[in-house]
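Content type PDB, C-alpha atoms, from the file data_5.pdb:
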ATOM      1  CA  MET A  85     121.163 240.643 361.215
ATOM      2  CA  ARG A  86     124.452 240.452 363.096
ATOM      3  CA  ALA A  87     126.697 243.318 361.966
ATOM      4  CA  PHE A  88     129.948 245.188 362.551
ATOM      5  CA  ILE A  89     131.947 248.140 361.195
ATOM      6  CA  ALA A  90     135.539 247.378 360.198
ATOM      7  CA  ILE A  91     138.613 248.234 358.171
ATOM      8  CA  GLU A  92     139.410 245.586 355.575
ATOM      9  CA  LEU A  93     142.931 244.208 355.231
ATOM     10  CA  PRO A  94     144.898 243.824 351.999
ATOM     11  CA  ASP A  95     145.981 240.335 350.910
ATOM     12  CA  THR A  96     149.635 241.071 351.765
ATOM     13  CA  ILE A  97     148.733 241.628 355.420
ATOM     14  CA  LYS A  98     146.504 238.551 355.481
ATOM     15  CA  ALA A  99     149.399 236.493 354.072
ATOM     16  CA  ALA A 100     151.768 237.751 356.794
ATOM     17  CA  LEU A 101     149.169 236.906 359.459
ATOM     18  CA  HIS A 102     148.685 233.452 357.919
ATOM     19  CA  GLU A 103     152.436 232.824 358.252
ATOM     20  CA  LEU A 104     152.348 234.028 361.860
ATOM     21  CA  ILE A 105     149.472 231.675 362.656
ATOM     22  CA  GLY A 106     151.427 228.836 361.047
ATOM     23  CA  ARG A 107     154.268 229.423 363.506
ATOM     24  CA  LEU A 108     151.879 229.687 366.466
ATOM     25  CA  ARG A 109     150.117 226.455 365.452
ATOM     26  CA  GLU A 110     153.356 224.616 366.231
ATOM     27  CA  ALA A 111     152.291 224.829 369.886
ATOM     28  CA  GLU A 112     149.586 222.272 369.054
ATOM     29  CA  ALA A 113     147.162 224.124 371.295
ATOM     30  CA  ARG A 114     143.464 223.458 370.775
ATOM     31  CA  VAL A 115     142.271 226.948 370.011
ATOM     32  CA  SER A 116     139.938 228.441 367.414
ATOM     33  CA  TRP A 117     142.164 230.031 364.790
ATOM     34  CA  VAL A 118     140.733 232.840 362.676
ATOM     35  CA  ARG A 119     141.095 232.184 358.979
ATOM     36  CA  PRO A 120     142.951 235.042 357.236
ATOM     37  CA  GLU A 121     140.071 235.679 354.837
ATOM     38  CA  HIS A 122     137.929 236.554 357.884
ATOM     39  CA  MET A 123     140.430 238.968 359.400
ATOM     40  CA  HIS A 124     139.633 242.653 359.663
ATOM     41  CA  LEU A 125     140.156 245.510 362.094
ATOM     42  CA  THR A 126     136.862 245.820 363.959
ATOM     43  CA  LEU A 127     135.946 249.401 364.771
ATOM     44  CA  ARG A 128     132.573 248.611 366.356
ATOM     45  CA  PHE A 129     130.690 245.342 366.820
ATOM     46  CA  LEU A 130     126.990 246.102 366.510
ATOM     47  CA  GLY A 131     125.403 242.768 367.365
ATOM     48  CA  GLU A 132     121.908 242.122 366.060
ATOM     49  CA  ILE A 133     120.378 245.025 364.129
ATOM     50  CA  THR A 134     117.400 245.224 361.797
ATOM     51  CA  PRO A 135     117.740 245.702 358.030
ATOM     52  CA  ALA A 136     116.156 249.137 358.510
ATOM     53  CA  ASP A 137     118.812 250.029 361.087
ATOM     54  CA  ALA A 138     121.503 248.840 358.670
ATOM     55  CA  LEU A 139     120.160 251.164 355.962
ATOM     56  CA  ARG A 140     119.968 254.086 358.385
ATOM     57  CA  LEU A 141     123.511 253.369 359.546
ATOM     58  CA  GLU A 142     124.732 253.281 355.940
ATOM     59  CA  GLU A 143     123.342 256.787 355.412
ATOM     60  CA  LEU A 144     124.864 258.115 358.633
ATOM     61  CA  LEU A 145     128.285 256.581 358.003
ATOM     62  CA  ALA A 146     128.362 257.772 354.381
ATOM     63  CA  LEU A 147     127.932 261.345 355.569
ATOM     64  CA  ARG A 148     130.414 261.082 358.431
ATOM     65  CA  TYR A 149     133.216 259.326 356.540
ATOM     66  CA  GLN A 150     132.932 261.625 353.524
ATOM     67  CA  GLY A 151     135.980 263.865 353.429
ATOM     68  CA  MET A 152     138.167 261.714 355.711
ATOM     69  CA  LYS A 153     141.764 261.431 354.549
ATOM     70  CA  HIS A 154     143.656 258.224 353.777
ATOM     71  CA  PHE A 155     146.111 257.075 356.432
ATOM     72  CA  GLU A 156     148.475 254.188 357.046
ATOM     73  CA  LEU A 157     148.533 251.497 359.722
ATOM     74  CA  GLN A 158     151.245 249.053 360.725
ATOM     75  CA  VAL A 159     150.716 245.473 361.924
ATOM     76  CA  CYS A 160     153.247 244.719 364.633
ATOM     77  CA  GLY A 161     153.583 242.828 367.875
ATOM     78  CA  THR A 162     151.429 240.144 369.421
ATOM     79  CA  GLY A 163     149.599 239.762 372.690
ATOM     80  CA  ALA A 164     146.613 238.330 374.488
ATOM     81  CA  PHE A 165     143.407 239.537 376.111
ATOM     82  CA  PRO A 166     142.751 239.911 378.957
ATOM     83  CA  ASN A 167     146.482 239.248 379.525
ATOM     84  CA  ILE A 168     149.215 236.701 378.781
ATOM     85  CA  HIS A 169     148.625 234.898 382.072
ATOM     86  CA  ARG A 170     144.946 234.155 381.315
ATOM     87  CA  PRO A 171     144.612 234.451 377.543
ATOM     88  CA  SER A 172     141.207 234.145 375.914
ATOM     89  CA  VAL A 173     142.079 236.006 372.687
ATOM     90  CA  ILE A 174     145.409 236.013 370.822
ATOM     91  CA  TRP A 175     146.021 239.094 368.683
ATOM     92  CA  ALA A 176     148.410 240.966 366.400
ATOM     93  CA  GLY A 177     148.792 244.655 367.174
ATOM     94  CA  ILE A 178     148.014 247.741 365.106
ATOM     95  CA  THR A 179     149.930 251.020 365.322
ATOM     96  CA  GLY A 180     150.341 254.206 363.329
ATOM     97  CA  SER A 181     148.056 256.897 361.966
ATOM     98  CA  GLY A 182     148.361 259.437 364.751
ATOM     99  CA  ASN A 183     144.777 260.348 365.595
ATOM    100  CA  ALA A 184     143.220 259.207 362.300
ATOM    101  CA  LEU A 185     142.300 255.713 363.481
ATOM    102  CA  ASP A 186     140.836 257.090 366.715
ATOM    103  CA  ALA A 187     138.714 259.544 364.711
ATOM    104  CA  VAL A 188     137.448 256.814 362.361
ATOM    105  CA  GLN A 189     136.603 254.552 365.310
ATOM    106  CA  ALA A 190     134.881 257.394 367.192
ATOM    107  CA  ILE A 191     132.552 257.937 364.233
ATOM    108  CA  ALA A 192     131.634 254.232 364.237
ATOM    109  CA  GLU A 193     130.918 254.403 367.980
ATOM    110  CA  GLU A 194     128.882 257.616 367.738
ATOM    111  CA  GLU A 195     126.713 256.334 364.909
ATOM    112  CA  ALA A 196     126.147 252.987 366.659
ATOM    113  CA  CYS A 197     124.905 254.961 369.655
ATOM    114  CA  ALA A 198     122.715 257.073 367.337
ATOM    115  CA  LEU A 199     120.947 253.809 366.414
ATOM    116  CA  GLY A 200     120.187 253.313 370.086
ATOM    117  CA  LEU A 201     122.937 250.797 370.829
ATOM    118  CA  PRO A 202     124.655 251.152 374.213
ATOM    119  CA  ARG A 203     128.072 252.787 374.305
ATOM    120  CA  GLU A 204     130.951 250.298 374.267
ATOM    121  CA  ARG A 205     132.229 249.941 377.842
ATOM    122  CA  ARG A 206     135.785 248.899 377.004
ATOM    123  CA  PRO A 207     138.234 251.366 375.489
ATOM    124  CA  PHE A 208     139.098 250.793 371.832
ATOM    125  CA  THR A 209     142.271 248.714 371.520
ATOM    126  CA  PRO A 210     143.178 248.255 367.845
ATOM    127  CA  HIS A 211     144.081 244.626 367.165
ATOM    128  CA  LEU A 212     143.584 241.760 364.753
ATOM    129  CA  THR A 213     142.190 238.631 366.374
ATOM    130  CA  LEU A 214     144.254 235.546 365.524
ATOM    131  CA  ALA A 215     142.656 232.967 367.831
ATOM    132  CA  ARG A 216     140.129 232.436 370.593
ATOM    133  CA  ILE A 217     140.939 230.199 373.548
ATOM    134  CA  LYS A 218     138.268 228.336 375.508
ATOM    135  CA  GLU A 219     140.473 226.224 377.780
ATOM    136  CA  ALA A 220     143.169 227.931 379.865
ATOM    137  CA  GLU A 221     145.613 225.013 379.634
ATOM    138  CA  TYR A 222     145.885 225.488 375.865
ATOM    139  CA  GLY A 223     146.520 229.178 376.313
ATOM    140  CA  LYS A 224     149.435 228.417 378.607
ATOM    141  CA  ARG A 225     150.869 226.003 376.036
ATOM    142  CA  LEU A 226     150.708 228.742 373.405
ATOM    143  CA  MET A 227     152.375 231.508 375.455
ATOM    144  CA  PRO A 228     156.051 230.608 374.767
ATOM    145  CA  TYR A 229     155.300 230.662 371.033
ATOM    146  CA  LEU A 230     153.507 233.983 371.368
ATOM    147  CA  SER A 231     156.427 235.436 373.352
ATOM    148  CA  ARG A 232     158.779 234.585 370.472
ATOM    149  CA  GLU A 233     156.522 236.614 368.174
ATOM    150  CA  ARG A 234     156.162 239.698 370.383
ATOM    151  CA  ASP A 235     158.254 241.710 367.858
ATOM    152  CA  PHE A 236     156.253 240.412 364.866
ATOM    153  CA  GLU A 237     156.272 242.802 361.888
ATOM    154  CA  GLY A 238     153.343 242.189 359.544
ATOM    155  CA  GLY A 239     153.812 245.236 357.340
ATOM    156  CA  ALA A 240     152.141 248.567 356.691
ATOM    157  CA  PHE A 241     148.968 249.127 354.731
ATOM    158  CA  PRO A 242     146.955 252.125 353.539
ATOM    159  CA  VAL A 243     143.455 252.717 354.881
ATOM    160  CA  ALA A 244     141.221 254.237 352.236
ATOM    161  CA  GLY A 245     137.842 253.490 353.762
ATOM    162  CA  VAL A 246     135.657 251.624 356.218
ATOM    163  CA  SER A 247     133.049 248.912 355.594
ATOM    164  CA  LEU A 248     129.785 247.815 357.158
ATOM    165  CA  PHE A 249     129.462 244.016 357.293
ATOM    166  CA  SER A 250     126.817 241.480 358.111
ATOM    167  CA  SER A 251     128.036 238.305 359.783
ATOM    168  CA  GLU A 252     126.230 234.988 359.702
ATOM    169  CA  LEU A 253     127.489 232.327 362.086
ATOM    170  CA  THR A 254     127.508 228.822 360.608
ATOM    171  CA  PRO A 255     128.959 225.475 361.756
ATOM    172  CA  GLN A 256     131.692 225.947 359.111
ATOM    173  CA  GLY A 257     132.597 229.375 360.449
ATOM    174  CA  PRO A 258     131.312 232.915 359.973
ATOM    175  CA  ILE A 259     130.199 234.277 356.628
ATOM    176  CA  HIS A 260     130.972 237.988 356.356
ATOM    177  CA  ARG A 261     129.248 240.050 353.674
ATOM    178  CA  ARG A 262     130.182 243.623 352.943
ATOM    179  CA  LEU A 263     126.966 245.630 352.925
ATOM    180  CA  ARG A 264     128.638 248.890 351.954
ATOM    181  CA  GLU A 265     132.086 250.425 351.727
ATOM    182  CA  PHE A 266     132.659 254.055 352.699
ATOM    183  CA  LEU A 267     135.676 255.320 350.789
ATOM    184  CA  PHE A 268     137.606 258.327 352.040
ATOM    185  CA  SER A 269     138.367 261.202 349.678
TER     186      SER A 269
END
Please go through the file and, once you have read it, give me the structure as structure tokens.
Amino acid sequence: MRAFIAIELPDTIKAALHELIGRLREAEARVSWVRPEHMHLTLRFLGEITPADALRLEELLALRYQGMKHFELQVCGTGAFPNIHRPSVIWAGITGSGNALDAVQAIAEEEACALGLPRERRPFTPHLTLARIKEAEYGKRLMPYLSRERDFEGGAFPVAGVSLFSSELTPQGPIHRRLREFLFS
């Protein structure tokens, strides 16, 4: 199964992101927009794992996330990966929490490696993916709209846990299923 570890977003944040996407859509760029119901803060993409690995990971994550404290994140700003001159991903930024988010993400990374998955090469950059761009010309068309939203404020939200998801890719879009939620104390 295809799987990932993520922080779920409350409906208020999804609504703010939906409004942001509505403004960015005015660029009429042919890009793949992420539907708000599929938005989450990915801590670690796992790729294809076996059901047995998923169960083992559930046990490991349950132990590691037990005793973590709640914290708050803020959705603010926009940008593009790898950069605004050659965008392939459009995102909204995440800030706040001091070291709490880094600690939660480090656990996800460590336990993915404990399953035998290779360590993630890129540094963790907290973000919420809004769109994926396949053709550079559409990315360039979108950039003035994205620049206007660079000070976007999507709101703050509490983080009370982390979830393990499976993800099935279909022609109608991905189907994410929460396998287990790991609530903090």
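Atom to atom, atom CA of Val173 of chain A and atom CA of Arg114 of chain A stand 12.8 Å apart.
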Which residues of segment 135-197 of chain A sit at most 9 Å from segment 241-246 of chain A, using only C-alpha atoms? Give each one's shortest atom pair and distance in Å (one decimal place), in chain and ascending residue order, as JSON lines.
{"residue": "A:Tyr149", "atom": "CA", "partner": "A:Gly245", "partner_atom": "CA", "distance": 7.9}
{"residue": "A:Met152", "atom": "CA", "partner": "A:Gly245", "partner_atom": "CA", "distance": 8.5}
{"residue": "A:Lys153", "atom": "CA", "partner": "A:Ala244", "partner_atom": "CA", "distance": 7.6}
{"residue": "A:His154", "atom": "CA", "partner": "A:Ala244", "partner_atom": "CA", "distance": 4.9}
{"residue": "A:Phe155", "atom": "CA", "partner": "A:Val243", "partner_atom": "CA", "distance": 5.3}
{"residue": "A:Glu156", "atom": "CA", "partner": "A:Pro242", "partner_atom": "CA", "distance": 4.3}
{"residue": "A:Leu157", "atom": "CA", "partner": "A:Phe241", "partner_atom": "CA", "distance": 5.5}
{"residue": "A:Gln158", "atom": "CA", "partner": "A:Phe241", "partner_atom": "CA", "distance": 6.4}
{"residue": "A:Val159", "atom": "CA", "partner": "A:Phe241", "partner_atom": "CA", "distance": 8.3}
{"residue": "A:Val188", "atom": "CA", "partner": "A:Val246", "partner_atom": "CA", "distance": 8.2}
request  = Report as a ChimeraX atom specification the residues that result from applying the PyMOL selection byres ((chain A and resi 127) around 9) to the structure here.
outcome  = /A:88-91,125-126,128-129,188-190,192-193,208,210,246
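Of the listed residues (A:Glu265, A:Glu142, A:Glu237, A:Glu252), A:Glu237 comes nearest to Ala100 of chain A; the distances count all atoms listed in the file.
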inquiry  = Using only C-alpha atoms, list the residues that have an atom at most 12 Å from (157.5, 238.6, 374.5), coordinates as in the file, as an NGL selection string.
reply    = :A and (161-164 or 168 or 227-236)
ask   = With distances taken over all atoms listed in the file, which of A:Ala87, A:Ala146, A:Leu214, A:Leu201 is nearest to Ser172 of chain A?
value =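 Using all atoms listed in the file, Ser172 of chain A sits closest to A:Leu214.
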request  = Return as a ChimeraX atom specification the set of residues that the PyMOL selection byres ((chain A and resi 224) around 9) yields on the displayed structure.
outcome  = /A:113,168-171,220-223,225-228
task = Using the chain letters and residue numbers of this document, give as a PyMOL selection string the residues selected by the PyMOL selection byres ((chain A and resi 123) around 9).
result = chain A and resi 92-93+98+101+118-122+124-126+212-214
key: Which of A:Leu139, A:Ala176, A:Leu185, A:Ile105 sits closest to Ser250 of chain A [using all atoms listed in the file]   = A:Leu139
Shortest interatomic distance to Leu248 of chain A - which of A:Glu219, A:Arg109, A:His102, A:Leu145, counting all atoms listed in the file =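 When distances to Leu248 of chain A are compared using all atoms listed in the file, the smallest one comes from A:Leu145.
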query = Can you tell me how far atom CA of Ser269 of chain A sits from atom CA of Gly151 of chain A, in Å to one decimal?
reply =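 These two atoms are separated by 5.2 Å.
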query = Hey, which of A:Phe165, A:Cys197, A:Asn183, A:Pro135 ends up closest to Leu263 of chain A? Count only C-alpha atoms.
reply = A:Pro135
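Using only C-alpha atoms, the shortest contact distance between Ile178 of chain A and any of A:Arg148, A:His211, A:Arg206, A:His260 is found at A:His211.
One distance worth recording is that between atom CA of Pro258 of chain A and atom CA of Leu130 of chain A, which is 15.3 Å.
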